[in-house]
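Undergrad: Shown below is the structure under consideration.
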Amino acid sequence: MEQAIKNAIDSLFEPTTYFLGSVIGLAVFVRFRKFFSQKVVIAAIFAVSTAFLLWAWDDPNFNRIITKADNIPILILLSTVVFFTWLAMRTAVLNDERTANGQPTIEAEYSKQKVFTWPDLVYVEFICIILFTALLVIWSIEIEAPLEEP
């Protein structure tokens, strides 16, 4: 049974099938954006993805590939791309609803609020720089980066 699931996944992620499925999936996502932009949908997507990750973790090949130092950023990238694509679509759907109701968009409301660059923005950016630098230092110490000689 487990081998049948692996074979099905391998056939789904064959390049031509994957590309065609991605294009159709994106078209369905845009067409039914009102449904896919709900919070419960993104929660379900991440729950299913986490369940798949935990199920596949026992496979030694998958585990070796997913925990390799080069592939950890790719895993982070994939999850953030999914989340921020959903967030952009959610904002678009909310703005469409606000425009249909005669209200200003979310960005128009934010632009009415004035925030001074100094000190508000500079402090936030400085704190982010410090946090990300600390994160990168800890990450580079903890994860064995492939920086050895070829």
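Following the order of the structure tokens, chains are lettered A, B, ..., residues in each are numbered from 1, and ligands are numbered from 1.
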Write out as an MDAnalysis selection string the set of residues from segment 22-129 of chain A that DSSP, computed on the backbone, places in alpha helix (DSSP H).
TA: chainID A and resid 22:31 33:36 39:56 60:66 72:100 106:112 122:129
Undergrad: Skip segment 26-39 of chain A itself and residues of its chain fewer than 3 positions away, then list as a PDB file with C-alpha atoms, in the first residue's frame all residues within 12 Å of it, counting only C-alpha atoms.
TA:
ATOM      1  CA  TYR A  18       3.251  18.517 -12.617  1.00  0.00           C
ATOM      2  CA  PHE A  19       3.370  21.514 -14.972  1.00  0.00           C
ATOM      3  CA  LEU A  20      -0.073  20.844 -16.383  1.00  0.00           C
ATOM      4  CA  GLY A  21      -1.465  20.280 -12.876  1.00  0.00           C
ATOM      5  CA  SER A  22       0.144  23.504 -11.640  1.00  0.00           C
ATOM      6  CA  VAL A  23      -1.367  25.568 -14.460  1.00  0.00           C
ATOM      7  CA  ILE A  42      -5.049  27.994   4.357  1.00  0.00           C
ATOM      8  CA  ALA A  43      -5.262  26.264   7.742  1.00  0.00           C
ATOM      9  CA  ALA A  44      -6.399  23.063   6.009  1.00  0.00           C
ATOM     10  CA  ILE A  45      -3.611  23.334   3.411  1.00  0.00           C
ATOM     11  CA  PHE A  46      -0.960  23.667   6.101  1.00  0.00           C
ATOM     12  CA  VAL A  82       2.080  29.380  -0.480  1.00  0.00           C
ATOM     13  CA  PHE A  83       1.195  31.587   2.494  1.00  0.00           C
ATOM     14  CA  PHE A  84       1.953  34.932   0.847  1.00  0.00           C
ATOM     15  CA  THR A  85       0.159  33.951  -2.369  1.00  0.00           C
ATOM     16  CA  TRP A  86      -2.885  33.139  -0.249  1.00  0.00           C
ATOM     17  CA  LEU A  87      -2.485  36.420   1.677  1.00  0.00           C
ATOM     18  CA  ALA A  88      -2.301  38.465  -1.535  1.00  0.00           C
ATOM     19  CA  MET A  89      -5.410  36.733  -2.884  1.00  0.00           C
ATOM     20  CA  ARG A  90      -7.235  37.294   0.422  1.00  0.00           C
ATOM     21  CA  THR A  91      -6.394  40.998   0.323  1.00  0.00           C
ATOM     22  CA  ALA A  92      -7.579  41.188  -3.297  1.00  0.00           C
ATOM     23  CA  VAL A  93     -10.893  39.509  -2.436  1.00  0.00           C
ATOM     24  CA  LEU A  94     -11.426  41.796   0.564  1.00  0.00           C
ATOM     25  CA  ASN A  95     -10.634  44.851  -1.582  1.00  0.00           C
ATOM     26  CA  ASP A  96     -13.096  43.651  -4.240  1.00  0.00           C
ATOM     27  CA  GLU A  97     -15.814  43.347  -1.598  1.00  0.00           C
TER      28      GLU A  97
END
Undergrad: Choose the residue, out of A:Leu121, A:Ile5, A:Ile141, A:Cys128, that has the smallest atom-to-atom separation from Trp55 of chain A; count only C-alpha atoms.
TA: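 Distance minimum relative to Trp55 of chain A lands on A:Ile5.
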Undergrad: Work out how far atom CA of Tyr123 of chain A is from atom CA of Val137 of chain A, in Å to one decimal.
TA: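 Distance reported for this atom pair: 21.1 Å.
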Undergrad: Rounded to one decimal place, report the atom CA of Ser140 of chain A-atom CA of Asp58 of chain A distance in Å.
TA: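 For atom CA of Ser140 of chain A relative to atom CA of Asp58 of chain A, the distance reads 26.1 Å.
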